[in-house]
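Q: data.txt is the file, holding compact mmCIF, C-alpha atoms:
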# COMPACT_ATOMS: atom_id res chain seq x y z
CA MET A 125 24.25 -293.10 158.70
CA ALA A 126 23.48 -291.93 162.22
CA GLU A 127 26.93 -290.40 162.64
CA ASN A 128 26.53 -288.25 159.46
CA ALA A 129 22.94 -287.19 160.09
CA GLY A 130 23.96 -283.87 161.62
CA GLU A 131 26.40 -282.82 158.87
CA GLU A 132 25.29 -280.00 156.57
CA PHE A 133 25.71 -280.06 152.80
CA SER A 134 24.43 -278.13 149.84
CA VAL A 135 23.42 -279.05 146.30
CA VAL A 136 23.89 -276.68 143.36
CA VAL A 137 21.57 -277.32 140.38
CA LEU A 138 22.53 -275.66 137.09
CA ALA A 139 20.15 -275.48 134.16
CA SER A 140 21.77 -276.77 130.98
CA ASP A 141 20.77 -273.71 128.95
CA LEU A 142 22.33 -271.09 131.23
CA GLY A 143 25.79 -271.50 129.73
CA VAL A 144 27.55 -271.46 133.12
CA ASP A 145 31.26 -272.30 133.01
CA ALA A 146 31.68 -275.20 135.41
CA ARG A 147 35.35 -274.37 135.86
CA SER A 148 34.35 -271.57 138.24
CA LEU A 149 33.40 -274.29 140.74
CA LEU A 150 36.86 -275.85 140.61
CA SER A 151 39.74 -275.14 142.91
CA PRO A 152 42.63 -273.01 141.53
CA ALA A 153 44.78 -276.12 141.05
CA GLU A 154 41.99 -277.94 139.20
CA ARG A 155 41.34 -274.91 136.96
CA GLN A 156 45.02 -274.76 136.01
CA ALA A 157 45.05 -278.47 135.17
CA ALA A 158 41.96 -278.02 132.96
CA ALA A 159 43.57 -275.08 131.17
CA ASP A 160 46.70 -277.14 130.48
CA ASP A 161 44.55 -279.91 129.00
CA ASP A 162 42.81 -277.41 126.68
CA GLU A 163 46.15 -276.22 125.31
CA ASN A 164 47.09 -279.78 124.36
CA VAL A 165 43.88 -280.47 122.46
CA VAL A 166 44.30 -280.58 118.64
CA TRP A 167 41.18 -279.68 116.67
CA HIS A 168 40.61 -280.94 113.13
CA ASP A 169 38.15 -279.62 110.61
CA CYS A 170 35.60 -282.20 109.51
CA HIS A 171 34.00 -281.51 106.15
CA ALA A 172 30.28 -282.07 105.84
CA HIS A 173 30.76 -284.48 102.92
CA LEU A 174 32.97 -286.87 104.90
CA ILE A 175 31.52 -289.82 106.80
CA ALA A 176 33.20 -290.61 110.09
CA ASP A 177 35.36 -293.74 109.98
CA GLU A 178 34.57 -294.40 106.30
CA GLY A 179 37.23 -296.65 104.82
CA PHE A 180 38.82 -296.25 101.41
CA SER A 181 41.23 -299.18 101.46
CA ASP A 182 39.69 -300.59 98.27
CA LEU A 183 40.46 -297.32 96.44
CA GLU A 184 43.88 -296.84 98.02
CA VAL A 185 45.09 -300.19 96.71
CA LEU A 186 44.33 -299.08 93.15
CA GLN A 187 46.87 -296.23 93.42
CA ALA A 188 44.73 -294.07 91.12
CA PHE A 189 45.22 -291.06 93.42
CA ARG A 190 48.57 -290.73 95.13
CA LEU A 191 50.53 -287.86 96.65
CA GLU A 192 54.16 -287.85 95.52
CA GLY A 193 57.02 -285.33 95.20
CA ALA A 194 56.95 -281.73 93.97
CA ASP A 195 57.28 -279.94 90.66
CA LYS A 196 60.07 -277.45 89.96
CA ALA A 197 57.93 -274.62 91.33
CA GLY A 198 57.70 -276.38 94.69
CA ASN A 199 54.08 -277.54 94.38
CA ARG A 200 53.23 -280.91 95.92
CA ILE A 201 52.11 -283.39 93.25
CA LEU A 202 48.82 -285.25 93.38
CA ARG A 203 49.29 -287.97 90.77
CA ILE A 204 46.13 -289.28 89.14
CA VAL A 205 46.39 -292.31 86.83
CA GLY A 206 43.22 -292.45 84.77
CA LYS A 207 43.63 -296.07 83.72
CA TYR A 208 43.63 -297.21 87.36
CA PHE A 209 40.23 -295.69 88.10
CA PRO A 210 37.24 -298.12 87.87
CA ALA A 211 34.55 -295.64 86.82
CA LEU A 212 31.96 -298.38 86.26
CA ILE A 213 31.83 -299.48 89.91
CA ILE A 214 32.59 -296.27 91.83
CA SER A 215 29.79 -293.74 92.23
CA GLY A 216 30.41 -290.05 91.82
CA GLU A 217 29.40 -289.42 95.44
CA ARG A 218 31.95 -291.89 96.83
CA LEU A 219 34.63 -290.56 94.49
CA LYS A 220 33.99 -287.08 95.88
CA ARG A 221 34.31 -288.28 99.46
CA TYR A 222 37.53 -290.09 98.60
CA VAL A 223 39.05 -287.03 96.92
CA PHE A 224 38.08 -284.87 99.89
CA HIS A 225 39.59 -287.47 102.23
CA LYS A 226 42.90 -287.29 100.34
CA PHE A 227 42.90 -283.50 100.41
CA PHE A 228 41.97 -283.09 104.07
CA THR A 229 44.37 -285.75 105.35
CA GLU A 230 47.38 -285.37 103.03
CA LEU A 231 47.18 -281.86 101.56
CA GLN A 232 46.30 -279.75 104.58
CA GLU A 233 48.55 -276.83 103.66
CA GLY A 234 50.79 -275.39 100.94
CA PRO A 235 50.41 -275.09 97.16
CA PHE A 236 49.92 -278.23 95.10
CA CYS A 237 49.46 -279.36 91.52
CA ILE A 238 47.76 -282.28 89.81
CA LEU A 239 49.45 -284.59 87.33
CA TYR A 240 46.71 -286.41 85.44
CA MET A 241 47.86 -289.29 83.22
CA HIS A 242 45.30 -289.89 80.48
CA SER A 243 47.38 -292.59 78.78
CA THR A 244 45.26 -295.43 77.29
CA VAL A 245 42.17 -294.31 79.22
CA GLN A 246 38.91 -295.83 77.95
CA SER A 247 36.02 -293.39 78.31
CA GLU A 248 33.56 -296.17 79.20
CA ASP A 249 35.75 -297.85 81.85
CA ASN A 250 38.02 -295.21 83.38
CA ASN A 251 36.47 -291.78 82.88
CA PRO A 252 34.03 -290.51 85.56
CA GLY A 253 32.93 -287.69 83.26
CA ILE A 254 33.61 -283.98 83.05
CA SER A 255 30.39 -283.08 84.90
CA ILE A 256 31.40 -285.16 87.95
CA MET A 257 34.90 -283.67 87.98
CA ARG A 258 33.40 -280.19 87.83
CA TRP A 259 31.00 -281.07 90.66
CA ILE A 260 33.87 -282.29 92.87
CA TYR A 261 35.97 -279.22 92.14
CA GLU A 262 33.12 -276.81 92.87
CA GLU A 263 32.44 -278.52 96.22
CA LEU A 264 36.03 -278.02 97.39
CA PRO A 265 36.62 -275.26 99.96
CA SER A 266 37.90 -272.07 98.35
CA GLY A 267 41.25 -272.44 100.07
CA TYR A 268 42.01 -275.64 98.15
CA LYS A 269 40.99 -274.06 94.84
CA GLU A 270 43.39 -271.20 95.46
CA ARG A 271 46.22 -273.54 96.45
CA LEU A 272 45.83 -275.62 93.26
CA GLN A 273 48.39 -274.01 90.97
CA ILE A 274 48.31 -276.10 87.78
CA VAL A 275 46.93 -279.32 86.28
CA TYR A 276 49.38 -281.21 84.03
CA PHE A 277 47.29 -283.19 81.52
CA LEU A 278 49.59 -285.90 80.15
CA HIS A 279 48.75 -287.60 76.82
CA PRO A 280 45.43 -285.78 76.31
CA GLY A 281 44.60 -287.10 72.83
CA LEU A 282 42.50 -285.39 70.19
CA ARG A 283 39.11 -286.21 71.73
CA SER A 284 40.02 -284.78 75.15
CA ARG A 285 41.40 -281.62 73.57
CA LEU A 286 38.25 -281.12 71.51
CA VAL A 287 35.89 -281.75 74.42
CA LEU A 288 37.73 -279.35 76.73
CA ALA A 289 38.20 -276.74 74.02
CA THR A 290 34.50 -276.90 73.07
CA PHE A 291 32.76 -277.44 76.41
CA GLY A 292 35.49 -276.80 78.97
CA ARG A 293 34.65 -273.15 79.49
CA PHE A 294 31.01 -274.04 80.13
CA PHE A 295 31.47 -277.12 82.32
CA LEU A 296 34.61 -276.05 84.18
CA SER A 297 34.95 -272.91 86.25
CA GLY A 298 37.28 -270.31 84.82
CA GLY A 299 39.77 -270.83 87.62
CA LEU A 300 40.21 -274.51 86.78
CA TYR A 301 39.97 -274.22 83.00
CA TRP A 302 42.94 -271.85 82.72
CA LYS A 303 45.07 -273.99 85.04
CA ILE A 304 45.12 -276.95 82.63
CA LYS A 305 48.41 -277.47 80.79
CA TYR A 306 48.50 -280.08 78.04
CA VAL A 307 51.62 -282.24 77.95
CA SER A 308 51.84 -284.45 74.87
CA ARG A 309 55.10 -286.25 75.76
CA LEU A 310 57.02 -287.21 78.85
CA GLN A 311 60.04 -285.28 77.58
CA TYR A 312 58.00 -282.07 77.91
CA LEU A 313 56.80 -283.03 81.38
CA TRP A 314 60.41 -283.00 82.60
CA ASP A 315 60.49 -279.27 81.85
CA ASP A 316 58.19 -278.77 84.85
CA ILE A 317 58.80 -281.85 86.99
CA LYS A 318 62.24 -283.25 87.72
CA LYS A 319 62.71 -286.92 86.88
CA GLY A 320 62.34 -289.10 89.94
CA GLU A 321 59.85 -286.81 91.68
CA VAL A 322 56.91 -288.87 90.49
CA GLU A 323 56.56 -292.53 89.57
CA ILE A 324 55.57 -293.11 85.94
CA PRO A 325 53.85 -296.49 85.34
CA GLU A 326 55.43 -298.71 82.71
CA PHE A 327 52.37 -298.62 80.44
CA VAL A 328 52.64 -294.82 80.33
CA HIS A 329 56.25 -295.12 79.10
CA LYS A 330 55.15 -297.61 76.43
CA HIS A 331 52.30 -295.37 75.32
CA ASP A 332 54.70 -292.44 75.12
CA ASP A 333 57.05 -294.49 72.90
CA LEU A 334 54.12 -295.41 70.66
CA LEU A 335 53.19 -291.75 70.25
CA GLU A 336 56.80 -290.86 69.51
CA HIS A 337 57.09 -293.39 66.67
CA ARG A 338 53.52 -292.92 65.40
CA PRO A 339 52.66 -289.26 65.99
CA LEU A 340 49.35 -289.53 64.11
CA THR A 341 48.06 -291.61 67.03
CA ASP A 342 47.86 -288.31 68.90
CA TYR A 343 45.04 -287.37 66.56
CA GLY A 344 43.16 -290.64 66.77
CA ILE A 345 44.67 -291.98 63.56
CA GLU A 346 46.48 -295.31 63.60
CA PRO A 347 48.53 -295.40 60.38
CA ASP A 348 49.37 -299.07 60.71
CA PRO A 349 46.73 -300.79 62.90
CA PHE A 350 47.88 -304.28 61.88
CA HIS A 351 51.59 -303.42 62.25
CA LEU A 352 52.21 -304.46 58.64
CA THR A 353 55.34 -302.33 58.48
CA GLU A 354 56.94 -304.77 60.91
CA VAL A 355 56.38 -307.75 58.58
CA PRO A 356 59.44 -308.62 56.43
CA ALA A 357 59.05 -307.56 52.81
CA MET A 358 58.19 -310.35 50.34
CA GLU A 359 58.97 -310.03 46.63
CA TYR A 360 57.28 -311.94 43.83
CA SER A 361 58.28 -312.23 40.17
CA LEU A 362 55.44 -311.17 37.93
CA GLY A 363 57.03 -313.16 35.11
CA ARG A 364 55.82 -316.38 36.73
CA PHE A 365 52.21 -315.35 36.17
CA ARG A 366 52.27 -314.70 32.48
CA VAL A 367 49.10 -315.73 30.62
Using the file provided, produce a representation of the structure as structure tokens.

A:
Amino acid sequence: MAENAGEEFSVVVLASDLGVDARSLLSPAERQAAADDDENVVWHDCHAHLIADEGFSDLEVLQAFRLEGADKAGNRILRIVGKYFPALIISGERLKRYVFHKFFTELQEGPFCILYMHSTVQSEDNNPGISIMRWIYEELPSGYKERLQIVYFLHPGLRSRLVLATFGRFFLSGGLYWKIKYVSRLQYLWDDIKKGEVEIPEFVHKHDDLLEHRPLTDYGIEPDPFHLTEVPAMEYSLGRFRV
């Protein structure tokens, strides 16, 4: 301590609210190194509705929302399988955060479309409701709304058609309402999406076959609910019952 007592030194105190760039105090070599580090930094937008480090592994395993191939127009496909969605145990707020998470991490750029499979969906168990879907869509940044090109609605059914036709224009924004395309059969879906670009669950194929052989099911009418037409015919002689 005695040897250093005569050495002079200075202390510079900077107020935190002056906005002074500390790099001016660095040597030229240190300033260049700092500039190189800044160029290598990658910034990511963080939406206000996302919670840092929130996990969605329980929803990912359901495969209700999955990014797959592209349609014939080159739009990335976000496949949504309605039957896989547990509406009774997932809140609308968490669903919104999950959808935003999928968009911000897997659909950062380029046009995309949505393929929604409504096959065998039960409104009580699998349907979050049109008001929640509208709420999620309205909360999306405008850039995502513009990049969404079309919504393929597979196996809509009579009830869905009536609800959207009656209330769709009121509950859905005009931009989304006019992007919905109803697809009653898989054979019509292949007009817009090449086979193999998206995985179709087996139950969707079976439902499509049911609709093909019993077209009235499209309108909520089951012509043979007990499958009596599949029972072998049985003939009886009325002569045996003469009085």

Q: Can you work out which one of A:Phe236, A:Arg190, A:Ile256, A:Lys196 has the shortest atom-to-atom distance to A:Ile214, counting all atoms listed in the file?

A: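 Distance minimum relative to A:Ile214 lands on A:Ile256.
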
Q: At what distance in Å, to one decimal, does atom CA of A:Val328 lie from atom CA of A:Tyr222?

A: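 Here the two named atoms are 24.2 Å from each other.
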
Q: Please measure the separation of atom CA of A:Leu264 and atom CA of A:Ile324, giving the value in Å to one decimal.

A: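 Atom-to-atom, atom CA of A:Leu264 and atom CA of A:Ile324 are spaced 27.2 Å apart.
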
Q: In Å, with one decimal, what is the gap from atom CA of A:Val223 to atom CA of A:Tyr306?

A: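 About the pair atom CA of A:Val223 and atom CA of A:Tyr306: they are 22.2 Å apart.
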
Q: Near A:Phe209, counting only C-alpha atoms, which residues have an atom at most 10 Å away, once you skip same-chain residues fewer than 2 positions from it, shown as a VMD selection string?

A: chain A and resid 183 186 to 189 204 to 207 211 to 214 219 245 249 to 252

Q: Keeping C-alpha atoms for every residue in the selection just given, could you write it to a file as an mmCIF file, in the coordinates of the input?

A:
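And here's selection-v9.cif as it stands now:
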data_model
loop_
_atom_site.group_PDB
_atom_site.id
_atom_site.type_symbol
_atom_site.label_atom_id
_atom_site.label_comp_id
_atom_site.auth_asym_id
_atom_site.auth_seq_id
_atom_site.Cartn_x
_atom_site.Cartn_y
_atom_site.Cartn_z
ATOM 1 C CA LEU A 183 40.460 -297.320 96.440
ATOM 2 C CA LEU A 186 44.330 -299.080 93.150
ATOM 3 C CA GLN A 187 46.870 -296.230 93.420
ATOM 4 C CA ALA A 188 44.730 -294.070 91.120
ATOM 5 C CA PHE A 189 45.220 -291.060 93.420
ATOM 6 C CA ILE A 204 46.130 -289.280 89.140
ATOM 7 C CA VAL A 205 46.390 -292.310 86.830
ATOM 8 C CA GLY A 206 43.220 -292.450 84.770
ATOM 9 C CA LYS A 207 43.630 -296.070 83.720
ATOM 10 C CA ALA A 211 34.550 -295.640 86.820
ATOM 11 C CA LEU A 212 31.960 -298.380 86.260
ATOM 12 C CA ILE A 213 31.830 -299.480 89.910
ATOM 13 C CA ILE A 214 32.590 -296.270 91.830
ATOM 14 C CA LEU A 219 34.630 -290.560 94.490
ATOM 15 C CA VAL A 245 42.170 -294.310 79.220
ATOM 16 C CA ASP A 249 35.750 -297.850 81.850
ATOM 17 C CA ASN A 250 38.020 -295.210 83.380
ATOM 18 C CA ASN A 251 36.470 -291.780 82.880
ATOM 19 C CA PRO A 252 34.030 -290.510 85.560
#
